[in-house]
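The data block below is query13.txt; it holds compact mmCIF, C-alpha atoms.
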```
# COMPACT_ATOMS: atom_id res chain seq x y z
CA MET A 1 -78.87 -103.79 -4.34
CA PHE A 2 -75.50 -102.25 -5.18
CA VAL A 3 -73.87 -99.87 -2.71
CA MET A 4 -71.11 -97.40 -3.58
CA ILE A 5 -68.84 -95.87 -0.95
CA PRO A 6 -65.62 -93.82 -1.03
CA GLU A 7 -62.65 -95.94 0.01
CA TYR A 8 -62.21 -93.92 3.23
CA TYR A 9 -65.81 -94.50 4.36
CA ASN A 10 -65.13 -97.23 6.93
CA LYS A 11 -62.44 -95.15 8.61
CA PHE A 12 -65.11 -93.00 10.24
CA LYS A 13 -65.86 -93.43 13.92
CA CYS A 14 -67.64 -90.91 16.14
CA ILE A 15 -65.13 -89.31 18.53
CA ALA A 16 -67.93 -88.55 21.03
CA SER A 17 -66.77 -86.37 23.96
CA LYS A 18 -63.53 -85.49 22.15
CA CYS A 19 -65.45 -83.67 19.39
CA SER A 20 -64.94 -79.91 19.27
CA ASP A 21 -68.21 -79.40 17.35
CA ASN A 22 -70.67 -81.81 18.94
CA CYS A 23 -73.63 -82.65 16.69
CA CYS A 24 -75.84 -82.98 19.80
CA ILE A 25 -75.51 -79.23 20.41
CA GLY A 26 -77.25 -76.58 18.32
CA TRP A 27 -79.04 -79.00 15.99
CA GLU A 28 -82.71 -79.90 15.93
CA ILE A 29 -82.84 -83.68 16.47
CA ASP A 30 -85.79 -85.28 14.69
CA ILE A 31 -87.14 -88.63 15.85
CA ASP A 32 -88.33 -91.02 13.14
CA SER A 33 -91.77 -92.57 13.59
CA LYS A 34 -90.48 -96.11 14.20
CA THR A 35 -88.17 -94.96 16.98
CA TYR A 36 -90.89 -92.75 18.47
CA GLU A 37 -93.15 -95.79 18.80
CA LYS A 38 -90.28 -97.60 20.53
CA TYR A 39 -89.75 -94.70 22.91
CA LYS A 40 -93.46 -94.63 23.79
CA ASN A 41 -93.25 -98.21 25.03
CA VAL A 42 -90.20 -97.72 27.25
CA THR A 43 -90.75 -98.47 30.92
CA GLY A 44 -88.86 -97.61 34.10
CA SER A 45 -87.06 -94.39 35.00
CA LEU A 46 -86.18 -93.58 31.39
CA ALA A 47 -89.84 -93.52 30.32
CA MET A 48 -90.67 -90.26 32.12
CA SER A 49 -87.47 -88.61 30.93
CA LEU A 50 -88.30 -89.45 27.32
CA LYS A 51 -91.88 -88.28 27.70
CA ASN A 52 -90.79 -84.92 29.15
CA ASN A 53 -88.15 -84.29 26.52
CA ILE A 54 -89.94 -85.13 23.26
CA VAL A 55 -92.01 -82.44 21.55
CA LEU A 56 -94.46 -82.48 18.65
CA SER A 57 -93.52 -80.11 15.82
CA GLU A 58 -95.99 -78.13 13.71
CA ASP A 59 -95.46 -80.49 10.78
CA GLY A 60 -96.53 -83.48 12.90
CA SER A 61 -93.03 -84.87 13.47
CA TYR A 62 -91.34 -85.45 16.81
CA SER A 63 -88.02 -84.16 18.08
CA PHE A 64 -86.05 -83.83 21.29
CA LYS A 65 -86.64 -80.65 23.29
CA LEU A 66 -83.30 -78.88 23.46
CA THR A 67 -82.10 -77.24 26.66
CA GLU A 68 -81.58 -73.48 27.03
CA ASN A 69 -78.01 -74.00 25.80
CA GLU A 70 -79.38 -75.86 22.74
CA ARG A 71 -78.05 -79.16 24.01
CA CYS A 72 -79.79 -82.47 23.53
CA PRO A 73 -81.48 -83.26 26.89
CA PHE A 74 -79.75 -86.65 26.88
CA LEU A 75 -76.24 -85.25 26.49
CA ASP A 76 -74.45 -85.46 29.84
CA GLU A 77 -71.86 -83.11 31.35
CA ASN A 78 -69.07 -85.09 29.65
CA ASN A 79 -70.76 -84.71 26.23
CA LEU A 80 -71.67 -88.39 26.17
CA CYS A 81 -75.11 -89.71 25.20
CA LYS A 82 -77.12 -91.02 28.17
CA LEU A 83 -79.25 -93.15 25.83
CA ILE A 84 -76.21 -94.98 24.49
CA ILE A 85 -74.79 -95.42 27.98
CA GLU A 86 -78.04 -96.91 29.27
CA LYS A 87 -79.46 -98.69 26.22
CA GLY A 88 -76.76 -98.91 23.55
CA GLU A 89 -76.46 -97.41 20.05
CA ASP A 90 -79.38 -99.43 18.67
CA PHE A 91 -81.69 -97.42 20.92
CA LEU A 92 -80.93 -94.18 19.06
CA CYS A 93 -83.25 -92.62 16.49
CA ASP A 94 -82.20 -92.90 12.84
CA ILE A 95 -80.66 -89.46 12.53
CA CYS A 96 -78.41 -90.03 15.54
CA LYS A 97 -77.32 -93.46 14.32
CA GLU A 98 -76.64 -92.29 10.79
CA HIS A 99 -75.04 -88.84 11.13
CA PRO A 100 -72.78 -87.86 9.41
CA ARG A 101 -73.48 -90.61 6.88
CA PHE A 102 -75.59 -89.76 3.85
CA HIS A 103 -77.35 -92.00 1.37
CA ASN A 104 -78.45 -91.14 -2.18
CA CYS A 105 -80.72 -93.84 -3.49
CA PHE A 106 -81.50 -94.66 -7.11
CA GLY A 107 -83.49 -97.83 -7.68
CA ASP A 108 -81.08 -100.75 -7.24
CA LYS A 109 -78.17 -98.45 -6.40
CA ARG A 110 -77.34 -96.57 -3.21
CA GLU A 111 -74.47 -94.10 -2.93
CA THR A 112 -73.24 -93.59 0.61
CA GLY A 113 -70.64 -91.33 2.17
CA ILE A 114 -69.74 -89.27 5.22
CA GLY A 115 -70.55 -85.58 5.36
CA ILE A 116 -68.01 -82.81 5.85
CA GLY A 117 -70.41 -81.14 8.29
CA CYS A 118 -68.86 -83.44 10.91
CA ILE A 119 -65.39 -82.47 12.17
CA ALA A 120 -64.21 -86.10 12.38
CA ALA A 121 -65.47 -86.86 8.86
CA ALA A 122 -63.96 -83.66 7.47
CA GLU A 123 -60.60 -84.57 8.95
CA ILE A 124 -60.70 -87.99 7.27
CA ILE A 125 -61.71 -86.58 3.86
CA LEU A 126 -59.24 -83.70 3.85
CA SER A 127 -56.37 -85.89 5.01
CA GLN A 128 -56.58 -88.10 1.91
CA LYS A 129 -53.39 -87.68 -0.11
CA ASN A 130 -54.23 -90.04 -2.95
CA LYS A 131 -56.98 -89.65 -5.53
CA VAL A 132 -60.18 -90.93 -3.98
CA LYS A 133 -61.55 -94.15 -5.42
CA TYR A 134 -65.02 -95.58 -4.99
CA ILE A 135 -65.91 -99.14 -4.05
CA THR A 136 -69.11 -100.92 -5.13
CA TYR A 137 -70.49 -104.04 -3.49
CA GLN A 138 -73.81 -105.89 -3.38
CA ILE A 139 -76.13 -106.33 -0.40
CA ASN A 140 -79.35 -108.26 0.11
CA GLU A 141 -81.76 -105.36 0.42
CA SER A 142 -84.89 -104.32 -1.47
CA GLU A 143 -84.66 -101.72 -4.23
CA TYR A 144 -85.94 -98.17 -3.95
CA GLU A 145 -88.80 -96.85 -6.04
CA ILE A 146 -87.65 -95.52 -9.41
CA ASP A 147 -89.01 -92.01 -10.06
CA TYR A 148 -86.47 -90.78 -12.59
CA ASP A 149 -85.22 -91.44 -16.12
CA GLN A 150 -82.88 -94.44 -15.75
CA ASN A 151 -81.10 -93.78 -19.04
CA PHE A 152 -80.47 -90.19 -18.02
CA LEU A 153 -79.00 -91.38 -14.73
CA LYS A 154 -76.57 -93.63 -16.63
CA TYR A 155 -75.65 -90.64 -18.79
CA LEU A 156 -75.09 -88.42 -15.73
CA THR A 157 -72.94 -91.11 -14.11
CA LYS A 158 -70.64 -91.09 -17.15
CA ILE A 159 -70.51 -87.29 -17.03
CA ARG A 160 -69.64 -87.41 -13.33
CA ASN A 161 -66.84 -89.89 -13.97
CA LYS A 162 -65.41 -87.43 -16.50
CA ILE A 163 -65.68 -84.64 -13.91
CA PHE A 164 -63.82 -86.79 -11.38
CA GLU A 165 -61.13 -87.30 -14.01
CA ILE A 166 -60.87 -83.53 -14.55
CA LEU A 167 -60.76 -82.73 -10.83
CA GLN A 168 -58.15 -85.40 -10.09
CA ASN A 169 -55.79 -84.48 -12.93
CA ARG A 170 -52.76 -83.45 -10.88
CA ASN A 171 -50.81 -82.42 -13.94
CA LYS A 172 -52.82 -79.17 -13.79
CA ASN A 173 -53.31 -76.73 -10.94
CA MET A 174 -56.62 -76.77 -9.10
CA ASN A 175 -57.80 -73.48 -10.61
CA ARG A 176 -57.43 -74.90 -14.10
CA ARG A 177 -59.26 -78.07 -13.10
CA LEU A 178 -62.23 -76.09 -11.77
CA ILE A 179 -62.32 -74.00 -14.94
CA GLU A 180 -62.25 -77.13 -17.11
CA MET A 181 -65.06 -78.64 -15.03
CA LEU A 182 -67.08 -75.45 -15.55
CA LEU A 183 -66.49 -75.41 -19.33
CA TYR A 184 -67.25 -79.12 -19.62
CA GLY A 185 -70.46 -78.60 -17.63
CA GLU A 186 -71.45 -75.72 -19.90
CA LYS A 187 -70.97 -77.92 -22.97
CA ILE A 188 -73.00 -80.79 -21.52
CA GLN A 189 -75.78 -78.49 -20.27
CA ALA A 190 -76.03 -77.02 -23.77
CA GLU A 191 -76.41 -80.52 -25.20
CA ILE A 192 -79.08 -81.38 -22.64
CA ASP A 193 -81.05 -78.17 -23.22
CA GLY A 194 -80.45 -78.02 -26.96
CA TYR A 195 -79.08 -74.49 -27.11
CA THR A 196 -75.98 -73.19 -28.84
CA GLU A 197 -75.69 -69.50 -27.95
CA LEU A 198 -74.70 -68.48 -24.43
CA GLU A 199 -75.25 -65.14 -22.79
CA ILE A 200 -72.01 -63.26 -22.16
CA PRO A 201 -72.26 -61.04 -19.06
CA LYS A 202 -70.94 -57.50 -18.96
CA LYS A 203 -67.30 -57.14 -18.03
CA GLU A 204 -67.94 -54.93 -15.01
CA TYR A 205 -69.45 -57.84 -13.10
CA LYS A 206 -65.92 -59.10 -12.47
CA GLU A 207 -64.99 -55.95 -10.54
CA THR A 208 -67.93 -56.28 -8.18
CA PHE A 209 -67.80 -60.08 -7.86
CA PHE A 210 -66.56 -60.41 -4.28
CA ASP A 211 -69.01 -57.90 -2.76
CA ASN A 212 -71.90 -59.58 -4.51
CA PHE A 213 -70.63 -63.06 -3.63
CA LYS A 214 -70.71 -61.97 0.01
CA ARG A 215 -74.20 -60.50 -0.43
CA ILE A 216 -75.44 -63.80 -1.87
CA LEU A 217 -74.12 -65.72 1.15
CA GLU A 218 -75.78 -63.20 3.48
CA GLU A 219 -79.12 -63.99 1.83
CA LEU A 220 -78.93 -67.62 2.91
CA ILE A 221 -80.81 -68.75 6.00
CA PRO A 222 -78.20 -68.47 8.79
CA LEU A 223 -78.08 -71.64 10.88
CA ASN A 224 -75.90 -70.17 13.64
CA GLU A 225 -74.06 -67.04 14.79
CA GLN A 226 -70.73 -68.53 13.78
CA TRP A 227 -71.83 -68.53 10.14
CA LYS A 228 -73.03 -64.91 10.28
CA ASN A 229 -69.72 -63.78 11.79
CA ALA A 230 -67.70 -65.74 9.23
CA VAL A 231 -69.58 -64.21 6.28
CA LYS A 232 -69.36 -60.73 7.80
CA ASN A 233 -65.57 -61.09 7.95
CA LEU A 234 -65.15 -62.84 4.60
CA LYS A 235 -61.81 -61.85 3.08
CA PHE A 236 -60.91 -62.04 -0.60
CA GLN A 237 -57.81 -64.12 -1.32
CA SER A 238 -56.19 -65.13 -4.57
CA THR A 239 -57.71 -68.31 -5.89
CA LEU A 240 -54.19 -69.58 -6.49
CA LYS A 241 -54.36 -70.64 -2.83
CA ILE A 242 -56.81 -73.39 -3.72
CA ASN A 243 -54.02 -75.24 -5.50
CA ILE A 244 -53.65 -77.84 -2.76
CA THR A 245 -54.81 -81.44 -2.45
CA GLU A 246 -57.44 -80.59 0.18
CA TYR A 247 -59.44 -78.57 -2.34
CA GLU A 248 -59.36 -81.47 -4.78
CA GLN A 249 -60.89 -83.63 -2.05
CA LEU A 250 -63.51 -80.95 -1.27
CA ALA A 251 -64.59 -80.63 -4.90
CA VAL A 252 -64.66 -84.40 -5.54
CA TYR A 253 -66.67 -84.92 -2.33
CA PHE A 254 -69.23 -82.28 -3.28
CA ILE A 255 -69.67 -83.62 -6.82
CA TYR A 256 -70.02 -87.17 -5.49
CA ARG A 257 -72.68 -86.14 -3.01
CA HIS A 258 -74.76 -83.74 -5.10
CA PHE A 259 -74.21 -84.11 -8.85
CA LEU A 260 -76.53 -87.04 -9.60
CA SER A 261 -79.52 -85.23 -8.09
CA ALA A 262 -79.60 -83.46 -11.47
CA VAL A 263 -81.43 -86.58 -12.66
CA TYR A 264 -84.60 -84.94 -11.27
CA ASP A 265 -84.28 -81.47 -12.86
CA ARG A 266 -81.65 -81.95 -15.64
CA ASP A 267 -79.64 -79.06 -14.18
CA ILE A 268 -75.96 -80.01 -14.02
CA ILE A 269 -74.36 -76.59 -14.45
CA SER A 270 -75.87 -75.23 -11.22
CA ARG A 271 -74.41 -78.11 -9.24
CA ILE A 272 -71.01 -77.51 -10.81
CA LYS A 273 -71.30 -73.83 -9.88
CA LEU A 274 -72.35 -74.88 -6.38
CA THR A 275 -69.14 -76.91 -6.09
CA ILE A 276 -67.10 -73.82 -6.96
CA ILE A 277 -69.12 -71.66 -4.54
CA PHE A 278 -68.44 -74.28 -1.85
CA CYS A 279 -64.67 -74.12 -2.46
CA LEU A 280 -64.49 -70.31 -2.75
CA THR A 281 -66.48 -69.78 0.45
CA ILE A 282 -64.14 -72.09 2.36
CA LEU A 283 -61.14 -70.25 0.87
CA TRP A 284 -62.44 -66.80 1.85
CA ILE A 285 -63.57 -67.51 5.41
CA PRO A 286 -61.09 -65.78 7.78
CA ASP A 287 -57.89 -67.64 8.62
CA ASN A 288 -58.65 -67.73 12.35
CA TYR A 289 -60.49 -70.95 11.42
CA SER A 290 -58.57 -74.06 10.37
CA LEU A 291 -59.36 -75.50 6.94
CA ILE A 292 -61.25 -78.37 8.58
CA GLU A 293 -63.33 -75.93 10.66
CA LYS A 294 -64.05 -73.83 7.56
CA ALA A 295 -65.17 -76.87 5.58
CA CYS A 296 -67.37 -78.06 8.43
CA LEU A 297 -68.99 -74.63 8.87
CA VAL A 298 -69.73 -74.16 5.16
CA SER A 299 -71.00 -77.72 4.80
CA LYS A 300 -73.45 -77.32 7.67
CA GLU A 301 -74.77 -74.03 6.28
CA ILE A 302 -75.16 -75.22 2.70
CA GLU A 303 -75.52 -79.00 2.68
CA TYR A 304 -77.62 -79.45 5.80
CA CYS A 305 -80.27 -76.89 4.86
CA SER A 306 -82.31 -77.82 1.79
CA GLU A 307 -83.65 -74.27 1.57
CA ASN A 308 -80.10 -72.93 1.22
CA ILE A 309 -79.26 -75.50 -1.44
CA ASP A 310 -82.36 -74.42 -3.38
CA LEU A 311 -81.50 -70.73 -2.97
CA LEU A 312 -78.00 -71.24 -4.36
CA LEU A 313 -79.29 -73.33 -7.26
CA ASP A 314 -81.65 -70.47 -8.11
CA PHE A 315 -78.92 -67.84 -7.65
CA SER A 316 -76.69 -69.72 -10.08
CA TYR A 317 -79.12 -68.70 -12.82
CA THR A 318 -80.49 -65.37 -11.60
CA GLU A 319 -77.26 -63.78 -10.33
CA LYS A 320 -75.02 -62.47 -13.11
CA HIS A 321 -72.09 -62.58 -10.70
CA LEU A 322 -72.40 -66.37 -10.67
CA SER A 323 -72.26 -66.64 -14.45
CA ILE A 324 -69.78 -69.01 -16.05
CA ASP A 325 -67.79 -66.05 -17.34
CA CYS A 326 -67.50 -64.39 -13.92
CA LEU A 327 -66.54 -67.60 -12.15
CA MET A 328 -63.87 -68.28 -14.76
CA ASN A 329 -62.47 -64.77 -14.33
CA ILE A 330 -62.24 -65.20 -10.57
CA LEU A 331 -60.58 -68.60 -10.91
CA THR A 332 -57.86 -67.08 -13.08
CA ASN A 333 -57.14 -64.39 -10.46
```
Go ahead and express the file in the form of structure tokens.
Amino acid sequence: MFVMIPEYYNKFKCIASKCSDNCCIGWEIDIDSKTYEKYKNVTGSLAMSLKNNIVLSEDGSYSFKLTENERCPFLDENNLCKLIIEKGEDFLCDICKEHPRFHNCFGDKRETGIGIGCIAAAEIILSQKNKVKYITYQINESEYEIDYDQNFLKYLTKIRNKIFEILQNRNKNMNRRLIEMLLYGEKIQAEIDGYTELEIPKKEYKETFFDNFKRILEELIPLNEQWKNAVKNLKFQSTLKINITEYEQLAVYFIYRHFLSAVYDRDIISRIKLTIIFCLTILWIPDNYSLIEKACLVSKEIEYCSENIDLLLDFSYTEKHLSIDCLMNILTN
């Protein structure tokens, strides 16, 4: 099997108790079936603690029972994991061992990265000054089941490489790069769908864009109070402010992580729009958050909730304010 990673991937290391946004607080922690079987066979003092702090969900899966403060029951007063202290990292369930790593698997290829929903990962990604490159190497591991059109995946990979080229063209400002990505995506989507005439939205949609953009975000499933407060206080700013290297890294990251999933529904333009929504939301969150905190907050709300991803993919077609024309108008503001 071939594995692809961004060149910064191996720089990641959990900062544990030093983390200002601990992933063991406020998150539901699912336990995979293999680890659950291991936990059932634990003996000694830890056995009772595990038994008392694992609950069965309605869907038949198991998870840790969070405390009243939404903390993992095995997180101590110093924000360190008791399970690691007592048993080591190999004793953790898959989600705890893997986070914030993600894996997108396609037959004999696996694309891996670190998610911006983690403060430490976001800091690494946003601190990159050079154009991000990707490394591919081979491992001795079985292939994943192929349930997609392999030729279409190869085609999408070439399209994504072109998008990377557009986004990393530092001879143009970031606004122009996002616009070119949008126009390129429109052209490719037309080729995929076999249409030639595009709907042109009414001009007045531009004037009401920001209010409706905010409304769309308010319709997402809120994962925490911090998100609701951030959206409530969203503030329009000129998109010229996205002309910094950090936004290049944000857009490239999002395309790398999400674009190839279009192999399943042949919808590339929605994922391009989603990339722009991702960047605009981070831009417009109030400035009392740092850029890293903004990116982390938006990533958790959008990327770590499949329902929200699906909602935004649907909105990209049903909401006129997310049309190609409207997004282009905003990006020229």
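Taking all atoms listed in the file into account, Ser17 (chain A) lies nearest to A:Leu80 out of the set A:Phe236, A:Leu80, A:Ile114, A:Ser33.
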**Report entry** Point-to-point distance from CA of Ile29 (chain A) to CA of Ile255 (chain A), Å rounded to tenths
**Finding:** 26.8 Å
Query raised in the report: Skipping near chain neighbours, those fewer than 2 positions away, what residues fall within 12 Å of Cys105 (chain A) using only C-alpha atoms, listed as number ranges by chain?
Result: A: 1-4, 102-103, 107-113, 142-148, 153, 257-258, 260-261, 263
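Among the candidates A:Pro286, A:Ser270, A:Gln168, A:Glu293, the one nearest to Cys19 (chain A) when counting all atoms listed in the file is A:Glu293.
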Report task. Please tell me which residues are no farther than 12 Å from (-52.3, -75.5, -2.5) in the file, counting all atoms listed in the file, and write them as a count of residues only. Result -> 19
Query raised in the report: Quick one: distance from CA of Asp325 (chain A) to CA of Asp267 (chain A) in Å, one decimal?
Result: 17.9 Å
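Between CA of Ile84 (chain A) and CA of Cys72 (chain A) the separation is 13.0 Å.
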Could I see region 143-157 of chain A restored to N, CA, C and O atoms, set down as a PDB file, in the coordinates of the input?
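Saved as part.pdb:
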```pdb
ATOM      1  N   GLU A 143     -84.950-102.899  -3.430  1.00  0.00           N
ATOM      2  CA  GLU A 143     -84.660-101.720  -4.230  1.00  0.00           C
ATOM      3  C   GLU A 143     -85.567-100.566  -3.834  1.00  0.00           C
ATOM      4  O   GLU A 143     -86.634-100.760  -3.250  1.00  0.00           O
ATOM      5  N   TYR A 144     -85.131 -99.352  -4.185  1.00  0.00           N
ATOM      6  CA  TYR A 144     -85.940 -98.170  -3.950  1.00  0.00           C
ATOM      7  C   TYR A 144     -86.814 -97.895  -5.169  1.00  0.00           C
ATOM      8  O   TYR A 144     -86.513 -98.316  -6.279  1.00  0.00           O
ATOM      9  N   GLU A 145     -87.891 -97.189  -4.950  1.00  0.00           N
ATOM     10  CA  GLU A 145     -88.800 -96.850  -6.040  1.00  0.00           C
ATOM     11  C   GLU A 145     -88.077 -95.989  -7.072  1.00  0.00           C
ATOM     12  O   GLU A 145     -87.343 -95.069  -6.729  1.00  0.00           O
ATOM     13  N   ILE A 146     -88.290 -96.277  -8.328  1.00  0.00           N
ATOM     14  CA  ILE A 146     -87.650 -95.520  -9.410  1.00  0.00           C
ATOM     15  C   ILE A 146     -88.595 -94.407  -9.859  1.00  0.00           C
ATOM     16  O   ILE A 146     -89.692 -94.670 -10.349  1.00  0.00           O
ATOM     17  N   ASP A 147     -88.195 -93.160  -9.661  1.00  0.00           N
ATOM     18  CA  ASP A 147     -89.010 -92.010 -10.060  1.00  0.00           C
ATOM     19  C   ASP A 147     -88.198 -91.035 -10.894  1.00  0.00           C
ATOM     20  O   ASP A 147     -88.296 -89.827 -10.744  1.00  0.00           O
ATOM     21  N   TYR A 148     -87.350 -91.589 -11.765  1.00  0.00           N
ATOM     22  CA  TYR A 148     -86.470 -90.780 -12.590  1.00  0.00           C
ATOM     23  C   TYR A 148     -86.215 -91.529 -13.900  1.00  0.00           C
ATOM     24  O   TYR A 148     -86.566 -92.695 -14.043  1.00  0.00           O
ATOM     25  N   ASP A 149     -85.573 -90.850 -14.839  1.00  0.00           N
ATOM     26  CA  ASP A 149     -85.220 -91.440 -16.120  1.00  0.00           C
ATOM     27  C   ASP A 149     -83.926 -92.258 -15.934  1.00  0.00           C
ATOM     28  O   ASP A 149     -82.856 -91.698 -15.713  1.00  0.00           O
ATOM     29  N   GLN A 150     -84.035 -93.576 -16.013  1.00  0.00           N
ATOM     30  CA  GLN A 150     -82.880 -94.440 -15.750  1.00  0.00           C
ATOM     31  C   GLN A 150     -81.758 -94.229 -16.770  1.00  0.00           C
ATOM     32  O   GLN A 150     -80.574 -94.266 -16.416  1.00  0.00           O
ATOM     33  N   ASN A 151     -82.123 -94.015 -18.022  1.00  0.00           N
ATOM     34  CA  ASN A 151     -81.100 -93.780 -19.040  1.00  0.00           C
ATOM     35  C   ASN A 151     -80.363 -92.471 -18.797  1.00  0.00           C
ATOM     36  O   ASN A 151     -79.149 -92.381 -19.012  1.00  0.00           O
ATOM     37  N   PHE A 152     -81.098 -91.469 -18.321  1.00  0.00           N
ATOM     38  CA  PHE A 152     -80.470 -90.190 -18.020  1.00  0.00           C
ATOM     39  C   PHE A 152     -79.521 -90.320 -16.830  1.00  0.00           C
ATOM     40  O   PHE A 152     -78.459 -89.700 -16.792  1.00  0.00           O
ATOM     41  N   LEU A 153     -79.888 -91.158 -15.866  1.00  0.00           N
ATOM     42  CA  LEU A 153     -79.000 -91.380 -14.730  1.00  0.00           C
ATOM     43  C   LEU A 153     -77.690 -92.028 -15.196  1.00  0.00           C
ATOM     44  O   LEU A 153     -76.607 -91.639 -14.736  1.00  0.00           O
ATOM     45  N   LYS A 154     -77.783 -92.994 -16.091  1.00  0.00           N
ATOM     46  CA  LYS A 154     -76.570 -93.630 -16.630  1.00  0.00           C
ATOM     47  C   LYS A 154     -75.701 -92.593 -17.348  1.00  0.00           C
ATOM     48  O   LYS A 154     -74.478 -92.603 -17.221  1.00  0.00           O
ATOM     49  N   TYR A 155     -76.358 -91.712 -18.075  1.00  0.00           N
ATOM     50  CA  TYR A 155     -75.650 -90.640 -18.790  1.00  0.00           C
ATOM     51  C   TYR A 155     -74.953 -89.720 -17.783  1.00  0.00           C
ATOM     52  O   TYR A 155     -73.765 -89.397 -17.936  1.00  0.00           O
ATOM     53  N   LEU A 156     -75.672 -89.310 -16.748  1.00  0.00           N
ATOM     54  CA  LEU A 156     -75.090 -88.420 -15.730  1.00  0.00           C
ATOM     55  C   LEU A 156     -73.928 -89.092 -15.005  1.00  0.00           C
ATOM     56  O   LEU A 156     -72.946 -88.435 -14.652  1.00  0.00           O
ATOM     57  N   THR A 157     -74.020 -90.385 -14.788  1.00  0.00           N
ATOM     58  CA  THR A 157     -72.940 -91.110 -14.110  1.00  0.00           C
ATOM     59  C   THR A 157     -71.663 -91.064 -14.948  1.00  0.00           C
ATOM     60  O   THR A 157     -70.560 -90.876 -14.411  1.00  0.00           O
TER      61      THR A 157
END
```
